[in-house]
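Asker: I am sharing upload_0.pdb, which consists of PDB, C-alpha atoms and all ligand atoms:
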```pdb
MODEL        1
ATOM      1  CA  MET V   1     -17.799 -11.404   8.670  1.00  0.00           C
ATOM      2  CA  GLN V   2     -17.439 -15.099   9.428  1.00  0.00           C
ATOM      3  CA  GLU V   3     -17.488 -15.808   5.656  1.00  0.00           C
ATOM      4  CA  PHE V   4     -14.468 -13.594   5.148  1.00  0.00           C
ATOM      5  CA  LEU V   5     -12.445 -15.559   7.701  1.00  0.00           C
ATOM      6  CA  ASP V   6     -13.736 -18.909   6.389  1.00  0.00           C
ATOM      7  CA  ARG V   7     -12.529 -18.017   2.887  1.00  0.00           C
ATOM      8  CA  ALA V   8      -9.172 -16.939   4.293  1.00  0.00           C
ATOM      9  CA  GLN V   9      -8.869 -20.211   6.294  1.00  0.00           C
ATOM     10  CA  ALA V  10      -9.562 -22.172   3.095  1.00  0.00           C
ATOM     11  CA  ALA V  11      -6.555 -20.458   1.485  1.00  0.00           C
ATOM     12  CA  VAL V  12      -3.952 -21.383   4.136  1.00  0.00           C
ATOM     13  CA  GLY V  13      -1.142 -23.790   3.243  1.00  0.00           C
ATOM     14  CA  ASP V  14      -0.149 -27.110   4.902  1.00  0.00           C
ATOM     15  CA  ASP V  15       1.557 -25.171   7.697  1.00  0.00           C
ATOM     16  CA  GLY V  16      -1.753 -23.485   8.596  1.00  0.00           C
ATOM     17  CA  ARG V  17      -0.548 -20.079   7.446  1.00  0.00           C
ATOM     18  CA  LEU V  18      -1.287 -17.789   4.527  1.00  0.00           C
ATOM     19  CA  ARG V  19       1.475 -17.588   1.936  1.00  0.00           C
ATOM     20  CA  LEU V  20       3.407 -14.339   1.823  1.00  0.00           C
ATOM     21  CA  GLY V  21       1.957 -11.786  -0.566  1.00  0.00           C
ATOM     22  CA  ARG V  22       3.731  -9.439  -2.953  1.00  0.00           C
ATOM     23  CA  MET V  23       4.910  -6.937  -0.359  1.00  0.00           C
ATOM     24  CA  PRO V  24       8.117  -8.818   0.648  1.00  0.00           C
ATOM     25  CA  GLU V  25       9.291  -8.237  -2.945  1.00  0.00           C
ATOM     26  CA  TRP V  26       8.889  -4.454  -2.595  1.00  0.00           C
ATOM     27  CA  GLU V  27      12.210  -2.687  -2.276  1.00  0.00           C
ATOM     28  CA  VAL V  28      10.715  -0.624   0.569  1.00  0.00           C
ATOM     29  CA  PHE V  29       9.641  -3.714   2.559  1.00  0.00           C
ATOM     30  CA  PRO V  30      11.585  -3.556   5.855  1.00  0.00           C
ATOM     31  CA  PHE V  31      12.269  -7.303   6.249  1.00  0.00           C
ATOM     32  CA  GLU V  32      14.096  -9.937   4.197  1.00  0.00           C
ATOM     33  CA  ARG V  33      11.927 -12.714   2.849  1.00  0.00           C
ATOM     34  CA  ASP V  34      14.045 -15.552   4.284  1.00  0.00           C
ATOM     35  CA  GLY V  35      12.504 -16.851   7.502  1.00  0.00           C
ATOM     36  CA  LEU V  36       9.503 -14.540   7.249  1.00  0.00           C
ATOM     37  CA  ARG V  37       6.120 -16.203   7.770  1.00  0.00           C
ATOM     38  CA  ALA V  38       2.556 -15.081   8.419  1.00  0.00           C
ATOM     39  CA  ARG V  39       1.038 -15.517  11.845  1.00  0.00           C
ATOM     40  CA  PRO V  40      -1.750 -18.140  11.933  1.00  0.00           C
ATOM     41  CA  LEU V  41      -5.217 -16.595  11.491  1.00  0.00           C
ATOM     42  CA  THR V  42      -7.008 -16.092  14.798  1.00  0.00           C
ATOM     43  CA  GLU V  43     -10.579 -16.741  15.895  1.00  0.00           C
ATOM     44  CA  TYR V  44     -13.572 -14.816  14.648  1.00  0.00           C
ATOM     45  CA  ALA V  45     -14.925 -12.258  17.154  1.00  0.00           C
ATOM     46  CA  ASP V  46     -18.393 -10.774  16.664  1.00  0.00           C
ATOM     47  CA  PRO V  47     -19.464  -8.731  18.518  1.00  0.00           C
ATOM     48  CA  GLU V  48     -15.984  -7.265  18.817  1.00  0.00           C
ATOM     49  CA  PRO V  49     -14.777  -6.513  22.332  1.00  0.00           C
ATOM     50  CA  ASP V  50     -14.997  -2.848  23.325  1.00  0.00           C
ATOM     51  CA  ARG V  51     -11.391  -1.697  22.980  1.00  0.00           C
ATOM     52  CA  ARG V  52     -12.015   1.931  23.892  1.00  0.00           C
ATOM     53  CA  ARG V  53      -9.820   3.110  26.719  1.00  0.00           C
ATOM     54  CA  ASP V  54     -11.028   5.218  29.569  1.00  0.00           C
ATOM     55  CA  PRO V  55      -9.963   8.900  29.183  1.00  0.00           C
ATOM     56  CA  ALA V  56      -7.724   8.392  32.250  1.00  0.00           C
ATOM     57  CA  ASP V  57      -5.682   5.793  30.288  1.00  0.00           C
ATOM     58  CA  CYS V  58      -5.725   7.678  26.974  1.00  0.00           C
ATOM     59  CA  ARG V  59      -2.391   8.964  25.655  1.00  0.00           C
ATOM     60  CA  THR V  60      -4.160  11.483  23.427  1.00  0.00           C
ATOM     61  CA  CYS V  61      -6.039  12.963  26.404  1.00  0.00           C
ATOM     62  CA  ARG V  62      -2.725  13.192  28.279  1.00  0.00           C
ATOM     63  CA  ALA V  63      -1.010  14.903  25.324  1.00  0.00           C
ATOM     64  CA  LEU V  64      -3.862  17.432  25.124  1.00  0.00           C
ATOM     65  CA  SER V  65      -3.019  18.585  28.637  1.00  0.00           C
ATOM     66  CA  SER V  66       0.704  19.013  27.832  1.00  0.00           C
ATOM     67  CA  ALA V  67       1.526  22.494  26.482  1.00  0.00           C
ATOM     68  CA  ALA V  68       4.709  21.140  24.831  1.00  0.00           C
ATOM     69  CA  GLN V  69       2.692  18.576  22.872  1.00  0.00           C
ATOM     70  CA  VAL V  70      -0.207  20.809  21.741  1.00  0.00           C
ATOM     71  CA  LEU V  71       0.611  22.541  18.433  1.00  0.00           C
ATOM     72  CA  HIS V  72      -2.787  24.099  17.694  1.00  0.00           C
ATOM     73  CA  THR V  73      -6.212  24.264  19.311  1.00  0.00           C
ATOM     74  CA  GLY V  74      -9.263  24.598  17.066  1.00  0.00           C
ATOM     75  CA  ASP V  75     -13.009  24.596  17.801  1.00  0.00           C
ATOM     76  CA  ARG V  76     -13.612  20.841  18.067  1.00  0.00           C
ATOM     77  CA  LEU V  77     -10.197  19.476  17.091  1.00  0.00           C
ATOM     78  CA  ALA V  78      -6.569  20.088  18.003  1.00  0.00           C
ATOM     79  CA  VAL V  79      -3.144  19.242  16.571  1.00  0.00           C
ATOM     80  CA  ILE V  80      -0.725  17.510  18.929  1.00  0.00           C
ATOM     81  CA  ARG V  81       2.587  15.661  18.660  1.00  0.00           C
ATOM     82  CA  PRO V  82       3.889  12.611  20.531  1.00  0.00           C
ATOM     83  CA  GLY V  83       6.547  13.194  23.212  1.00  0.00           C
ATOM     84  CA  ALA V  84       9.284  11.691  21.028  1.00  0.00           C
ATOM     85  CA  THR V  85       9.633  10.338  17.492  1.00  0.00           C
ATOM     86  CA  SER V  86      12.149   8.544  15.283  1.00  0.00           C
ATOM     87  CA  LEU V  87      10.892  10.395  12.182  1.00  0.00           C
ATOM     88  CA  PRO V  88      11.679  14.031  11.260  1.00  0.00           C
ATOM     89  CA  PHE V  89       8.217  14.950  12.562  1.00  0.00           C
ATOM     90  CA  VAL V  90       4.927  13.376  13.594  1.00  0.00           C
ATOM     91  CA  ALA V  91       1.693  15.240  14.364  1.00  0.00           C
ATOM     92  CA  ASN V  92      -1.820  14.031  15.147  1.00  0.00           C
ATOM     93  CA  VAL V  93      -5.046  15.823  14.328  1.00  0.00           C
ATOM     94  CA  VAL V  94      -7.283  14.807  17.244  1.00  0.00           C
ATOM     95  CA  ALA V  95     -10.667  15.539  18.817  1.00  0.00           C
ATOM     96  CA  ARG V  96     -10.395  17.885  21.795  1.00  0.00           C
ATOM     97  CA  GLU V  97     -12.782  15.597  23.693  1.00  0.00           C
ATOM     98  CA  HIS V  98     -12.368  11.845  24.188  1.00  0.00           C
ATOM     99  CA  GLU V  99     -14.594  10.851  21.244  1.00  0.00           C
ATOM    100  CA  LEU V 100     -14.370   8.945  17.960  1.00  0.00           C
ATOM    101  CA  LEU V 101     -14.725  10.110  14.373  1.00  0.00           C
ATOM    102  CA  ASP V 102     -18.035   8.163  14.506  1.00  0.00           C
ATOM    103  CA  ASP V 103     -19.302  10.583  17.174  1.00  0.00           C
ATOM    104  CA  VAL V 104     -18.385  14.052  15.872  1.00  0.00           C
ATOM    105  CA  ASP V 105     -20.691  16.304  13.838  1.00  0.00           C
ATOM    106  CA  ASP V 106     -20.346  17.764  10.363  1.00  0.00           C
ATOM    107  CA  ASP V 107     -18.661  20.956  11.589  1.00  0.00           C
ATOM    108  CA  ALA V 108     -15.945  18.753  13.063  1.00  0.00           C
ATOM    109  CA  HIS V 109     -15.693  16.873   9.732  1.00  0.00           C
ATOM    110  CA  ALA V 110     -15.061  20.178   7.949  1.00  0.00           C
ATOM    111  CA  GLU V 111     -12.525  21.203  10.581  1.00  0.00           C
ATOM    112  CA  LEU V 112     -10.796  17.816  10.228  1.00  0.00           C
ATOM    113  CA  GLY V 113     -10.290  18.357   6.486  1.00  0.00           C
ATOM    114  CA  ARG V 114      -8.994  21.872   6.971  1.00  0.00           C
ATOM    115  CA  LEU V 115      -6.631  20.967   9.837  1.00  0.00           C
ATOM    116  CA  LEU V 116      -5.297  17.887   8.030  1.00  0.00           C
ATOM    117  CA  ALA V 117      -4.450  19.928   4.952  1.00  0.00           C
ATOM    118  CA  ARG V 118      -2.869  22.734   6.991  1.00  0.00           C
ATOM    119  CA  THR V 119      -0.857  20.301   9.130  1.00  0.00           C
ATOM    120  CA  TYR V 120       0.247  18.421   6.014  1.00  0.00           C
ATOM    121  CA  LEU V 121       1.510  21.676   4.470  1.00  0.00           C
ATOM    122  CA  ALA V 122       3.218  22.817   7.693  1.00  0.00           C
ATOM    123  CA  VAL V 123       5.061  19.481   8.070  1.00  0.00           C
ATOM    124  CA  GLN V 124       5.894  19.259   4.362  1.00  0.00           C
ATOM    125  CA  ALA V 125       7.498  22.741   4.602  1.00  0.00           C
ATOM    126  CA  LEU V 126       9.970  21.631   7.335  1.00  0.00           C
ATOM    127  CA  ASP V 127      13.626  21.248   6.410  1.00  0.00           C
ATOM    128  CA  GLY V 128      14.632  17.697   5.607  1.00  0.00           C
ATOM    129  CA  VAL V 129      11.161  16.340   4.830  1.00  0.00           C
ATOM    130  CA  GLY V 130      10.764  14.273   1.639  1.00  0.00           C
ATOM    131  CA  ASN V 131       7.061  13.397   1.888  1.00  0.00           C
ATOM    132  CA  VAL V 132       4.218  13.418   4.399  1.00  0.00           C
ATOM    133  CA  HIS V 133       1.827  10.495   4.927  1.00  0.00           C
ATOM    134  CA  ILE V 134      -1.615  10.638   6.587  1.00  0.00           C
ATOM    135  CA  THR V 135      -3.232   7.603   8.259  1.00  0.00           C
ATOM    136  CA  LYS V 136      -5.943   6.757  10.780  1.00  0.00           C
ATOM    137  CA  TRP V 137      -5.509   3.626  12.942  1.00  0.00           C
ATOM    138  CA  GLU V 138      -6.785   4.729  16.375  1.00  0.00           C
ATOM    139  CA  ASN V 139      -5.469   1.537  17.995  1.00  0.00           C
ATOM    140  CA  GLY V 140      -8.522   1.110  20.144  1.00  0.00           C
ATOM    141  CA  SER V 141      -7.937   4.284  22.136  1.00  0.00           C
ATOM    142  CA  GLY V 142     -11.487   5.541  21.631  1.00  0.00           C
ATOM    143  CA  HIS V 143     -10.109   8.976  20.700  1.00  0.00           C
ATOM    144  CA  LEU V 144     -10.228  10.370  17.152  1.00  0.00           C
ATOM    145  CA  SER V 145      -6.613  10.717  15.999  1.00  0.00           C
ATOM    146  CA  VAL V 146      -5.296  11.057  12.437  1.00  0.00           C
ATOM    147  CA  ASN V 147      -1.536  10.621  12.050  1.00  0.00           C
ATOM    148  CA  VAL V 148       0.556  12.978   9.928  1.00  0.00           C
ATOM    149  CA  MET V 149       4.018  11.416   9.471  1.00  0.00           C
ATOM    150  CA  ALA V 150       7.069  12.940   7.792  1.00  0.00           C
ATOM    151  CA  ARG V 151       9.557  10.832   5.826  1.00  0.00           C
ATOM    152  CA  PRO V 152      13.153  12.095   5.877  1.00  0.00           C
ATOM    153  CA  ARG V 153      14.168  13.589   2.530  1.00  0.00           C
ATOM    154  CA  GLY V 154      16.527  11.400   0.517  1.00  0.00           C
ATOM    155  CA  VAL V 155      15.768   8.278   2.590  1.00  0.00           C
ATOM    156  CA  LEU V 156      13.699   6.619  -0.111  1.00  0.00           C
ATOM    157  CA  GLN V 157      13.798   3.199   1.532  1.00  0.00           C
ATOM    158  CA  LEU V 158      11.290   4.525   4.092  1.00  0.00           C
ATOM    159  CA  ARG V 159       8.727   5.652   1.545  1.00  0.00           C
ATOM    160  CA  GLY V 160       5.150   4.420   1.478  1.00  0.00           C
ATOM    161  CA  SER V 161       2.977   2.377   3.806  1.00  0.00           C
ATOM    162  CA  ASN V 162       5.899   0.751   5.648  1.00  0.00           C
ATOM    163  CA  LEU V 163       7.002   4.089   7.122  1.00  0.00           C
ATOM    164  CA  PRO V 164       5.477   3.356  10.572  1.00  0.00           C
ATOM    165  CA  VAL V 165       7.160  -0.080  10.610  1.00  0.00           C
ATOM    166  CA  TRP V 166      10.551   1.517   9.954  1.00  0.00           C
ATOM    167  CA  ALA V 167       9.722   4.230  12.519  1.00  0.00           C
ATOM    168  CA  ASP V 168       9.243   1.538  15.155  1.00  0.00           C
ATOM    169  CA  MET V 169      12.829   0.309  14.596  1.00  0.00           C
ATOM    170  CA  LEU V 170      14.658   3.613  14.118  1.00  0.00           C
ATOM    171  CA  PRO V 171      16.216   5.536  17.052  1.00  0.00           C
ATOM    172  CA  ASP V 172      14.456   8.687  18.283  1.00  0.00           C
ATOM    173  CA  ILE V 173      15.679  11.967  16.779  1.00  0.00           C
ATOM    174  CA  PRO V 174      17.364  14.473  19.170  1.00  0.00           C
ATOM    175  CA  GLN V 175      14.730  16.216  21.309  1.00  0.00           C
ATOM    176  CA  ASP V 176      16.045  19.744  20.553  1.00  0.00           C
ATOM    177  CA  GLU V 177      15.700  19.084  16.820  1.00  0.00           C
ATOM    178  CA  TYR V 178      12.151  17.788  17.340  1.00  0.00           C
ATOM    179  CA  ASP V 179      11.239  20.774  19.550  1.00  0.00           C
ATOM    180  CA  ALA V 180      12.556  23.268  16.963  1.00  0.00           C
ATOM    181  CA  ARG V 181      10.427  21.665  14.238  1.00  0.00           C
ATOM    182  CA  ALA V 182       7.422  21.751  16.600  1.00  0.00           C
ATOM    183  CA  GLU V 183       7.844  25.512  16.954  1.00  0.00           C
ATOM    184  CA  ALA V 184       7.853  25.900  13.168  1.00  0.00           C
ATOM    185  CA  VAL V 185       4.683  23.800  12.822  1.00  0.00           C
ATOM    186  CA  ARG V 186       2.998  25.684  15.690  1.00  0.00           C
ATOM    187  CA  ALA V 187       3.797  29.009  13.975  1.00  0.00           C
ATOM    188  CA  ALA V 188       2.507  27.757  10.614  1.00  0.00           C
ATOM    189  CA  LEU V 189      -0.788  26.634  12.196  1.00  0.00           C
ATOM    190  CA  ALA V 190      -1.315  29.871  14.176  1.00  0.00           C
TER     191      ALA V 190
HETATM  192 ZN    ZN B   1      -8.713  10.426  24.957  1.00  0.00          ZN
ENDMDL
END
```
In structure tokens, write the structure found in this file.
Ligand SMILES: [Zn+2]

Answerer:
Amino acid sequence: MQEFLDRAQAAVGDDGRLRLGRMPEWEVFPFERDGLRARPLTEYADPEPDRRRDPADCRTCRALSSAAQVLHTGDRLAVIRPGATSLPFVANVVAREHELLDDVDDDAHAELGRLLARTYLAVQALDGVGNVHITKWENGSGHLSVNVMARPRGVLQLRGSNLPVWADMLPDIPQDEYDARAEAVRAALA
């Protein structure tokens, strides 16, 4: 919507940037307010460029062919995990084929709900997990993927929507710890 961007442009300050919102005041916001500034708004793009990756360049397709990364295989969907993570656990409920949520049928929608709930419960039951968050970004991969992310118990600073921002800065957890949790999740989903 060009209008949306026009209204946003009309709200920028003398420095050409939007003022910071309320989030920097949140105690869970990962960055200090001093020196923080918004990036300038970019150009309008409609039609949007096709950001879908070819299956050959798709990390989700690659993970689906790695036995260590596949936690469960359903009819149309599967549950996988990334190769490494800085959080106690991360899983993704994904389409078994290289397709988007926009492309799957109602049976797949029902399976998505069931697998998300079961994966949520399996991850929530792991030792050391305080809460589990579920998001869909897709990052232009062209492959349906819903993220299930565990927050470490007692680390309240990581709670809420900034969890992936913290995850990007934190060091990876030991691989043997991650693998042991994967076995527990795999067993719970079986
Ligand atoms: Zn793919």

Asker: Can you translate the PyMOL selection byres (((chain V and resi 183) around 12) and not hetatm) into the concrete residues it hits in this file, as a PyMOL selection string?

Answerer: chain V and resi 67-72+80-81+89+122-123+126+176-182+184-190

Asker: Quick one: distance from CA of Gly130 in chain V to CA of Val93 in chain V in Å, one decimal?

Answerer: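 These two atoms are separated by 20.3 Å.
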
Asker: Around all the atoms of range 144-163 of chain V listed in the file, with 4 Å of room on each side, what axis-aligned box do you get, giving centre and edge lengths in Å to one decimal, as AutoDock Vina command-line options?

Answerer:
```
--center_x 3.1 --center_y 7.2 --center_z 8.5 --size_x 34.8 --size_y 20.8 --size_z 25.3
```

Asker: Which residues of range 149-172 of chain V come within 10 Å of range 30-47 of chain V, and what is each one's closest atom pair and distance in Å (one decimal), counting all atoms listed in the file, sorted by chain and residue number, as CSV?

Answerer:
```
residue,atom,partner,partner_atom,distance
V:Gln157,CA,V:Pro30,CA,8.3
V:Leu158,CA,V:Pro30,CA,8.3
V:Asn162,CA,V:Pro30,CA,7.1
V:Leu163,CA,V:Pro30,CA,9.0
V:Val165,CA,V:Pro30,CA,7.4
V:Trp166,CA,V:Pro30,CA,6.6
V:Met169,CA,V:Pro30,CA,9.6
```

Asker: Export, as a PDB file, keeping the file's coordinate frame, the selected residues with C-alpha atoms.

Answerer:
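Okay, selection-v4.pdb is ready:
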```
ATOM      1  CA  GLN V 157      13.798   3.199   1.532  1.00  0.00           C
ATOM      2  CA  LEU V 158      11.290   4.525   4.092  1.00  0.00           C
ATOM      3  CA  ASN V 162       5.899   0.751   5.648  1.00  0.00           C
ATOM      4  CA  LEU V 163       7.002   4.089   7.122  1.00  0.00           C
ATOM      5  CA  VAL V 165       7.160  -0.080  10.610  1.00  0.00           C
ATOM      6  CA  TRP V 166      10.551   1.517   9.954  1.00  0.00           C
ATOM      7  CA  MET V 169      12.829   0.309  14.596  1.00  0.00           C
TER       8      MET V 169
END
```

Asker: Selected by the PyMOL selection byres (((not hetatm)) within 12 of (chain B and resi 1)) in the shown coordinates: which residues, as a list in words?

Answerer: Arg52, Arg53, Asp54, Pro55, Ala56, Asp57, Cys58, Arg59, Thr60, Cys61, Arg62, Ala63, Leu64, Ser65, Val94, Ala95, Arg96, Glu97, His98, Glu99, Leu100, Glu138, Asn139, Gly140, Ser141, Gly142, His143, Leu144 and Ser145 of chain V

Asker: Please produce a file of the residues just selected, as a short mmCIF file (atom, residue, chain, number, x, y, z; two decimals), in the frame of the given file, where the atoms kept are C-alpha atoms.

Answerer:
```
data_model
loop_
_atom_site.label_atom_id
_atom_site.label_comp_id
_atom_site.auth_asym_id
_atom_site.auth_seq_id
_atom_site.Cartn_x
_atom_site.Cartn_y
_atom_site.Cartn_z
CA ARG V 52 -12.02 1.93 23.89
CA ARG V 53 -9.82 3.11 26.72
CA ASP V 54 -11.03 5.22 29.57
CA PRO V 55 -9.96 8.90 29.18
CA ALA V 56 -7.72 8.39 32.25
CA ASP V 57 -5.68 5.79 30.29
CA CYS V 58 -5.72 7.68 26.97
CA ARG V 59 -2.39 8.96 25.66
CA THR V 60 -4.16 11.48 23.43
CA CYS V 61 -6.04 12.96 26.40
CA ARG V 62 -2.72 13.19 28.28
CA ALA V 63 -1.01 14.90 25.32
CA LEU V 64 -3.86 17.43 25.12
CA SER V 65 -3.02 18.58 28.64
CA VAL V 94 -7.28 14.81 17.24
CA ALA V 95 -10.67 15.54 18.82
CA ARG V 96 -10.40 17.89 21.80
CA GLU V 97 -12.78 15.60 23.69
CA HIS V 98 -12.37 11.84 24.19
CA GLU V 99 -14.59 10.85 21.24
CA LEU V 100 -14.37 8.94 17.96
CA GLU V 138 -6.78 4.73 16.38
CA ASN V 139 -5.47 1.54 18.00
CA GLY V 140 -8.52 1.11 20.14
CA SER V 141 -7.94 4.28 22.14
CA GLY V 142 -11.49 5.54 21.63
CA HIS V 143 -10.11 8.98 20.70
CA LEU V 144 -10.23 10.37 17.15
CA SER V 145 -6.61 10.72 16.00
#
```

Asker: What separation in Å, quoted to one decimal, exists between CA of Leu156 in chain V and CA of Ile134 in chain V?

Answerer: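 Straight-line distance from CA of Leu156 in chain V to CA of Ile134 in chain V works out to 17.2 Å.
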
Asker: Using CA of Glu3 in chain V and CA of Asp103 in chain V as the two end points, give the distance in Å to one decimal.

Answerer: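 Taking CA of Glu3 in chain V and CA of Asp103 in chain V, their separation equals 28.9 Å.
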
Asker: Using all atoms listed in the file, collect all residues at a distance of at most 9 Å from (15.6, 13.8, 6.9) as written in the file, then present them as a PyMOL selection string.

Answerer: chain V and resi 87-88+127-130+150-155

Asker: Can I get the selection written as a short mmCIF file (atom, residue, chain, number, x, y, z; two decimals), in the coordinates of the input, with C-alpha atoms?

Answerer:
```cif
data_model
loop_
_atom_site.label_atom_id
_atom_site.label_comp_id
_atom_site.auth_asym_id
_atom_site.auth_seq_id
_atom_site.Cartn_x
_atom_site.Cartn_y
_atom_site.Cartn_z
CA LEU V 87 10.89 10.40 12.18
CA PRO V 88 11.68 14.03 11.26
CA ASP V 127 13.63 21.25 6.41
CA GLY V 128 14.63 17.70 5.61
CA VAL V 129 11.16 16.34 4.83
CA GLY V 130 10.76 14.27 1.64
CA ALA V 150 7.07 12.94 7.79
CA ARG V 151 9.56 10.83 5.83
CA PRO V 152 13.15 12.10 5.88
CA ARG V 153 14.17 13.59 2.53
CA GLY V 154 16.53 11.40 0.52
CA VAL V 155 15.77 8.28 2.59
#
```

Asker: Taking into account all atoms listed in the file, which residue in the set V:Leu112, V:Ala117, V:Val90, V:Val104 is nearest to Ala78 in chain V?

Answerer: V:Leu112
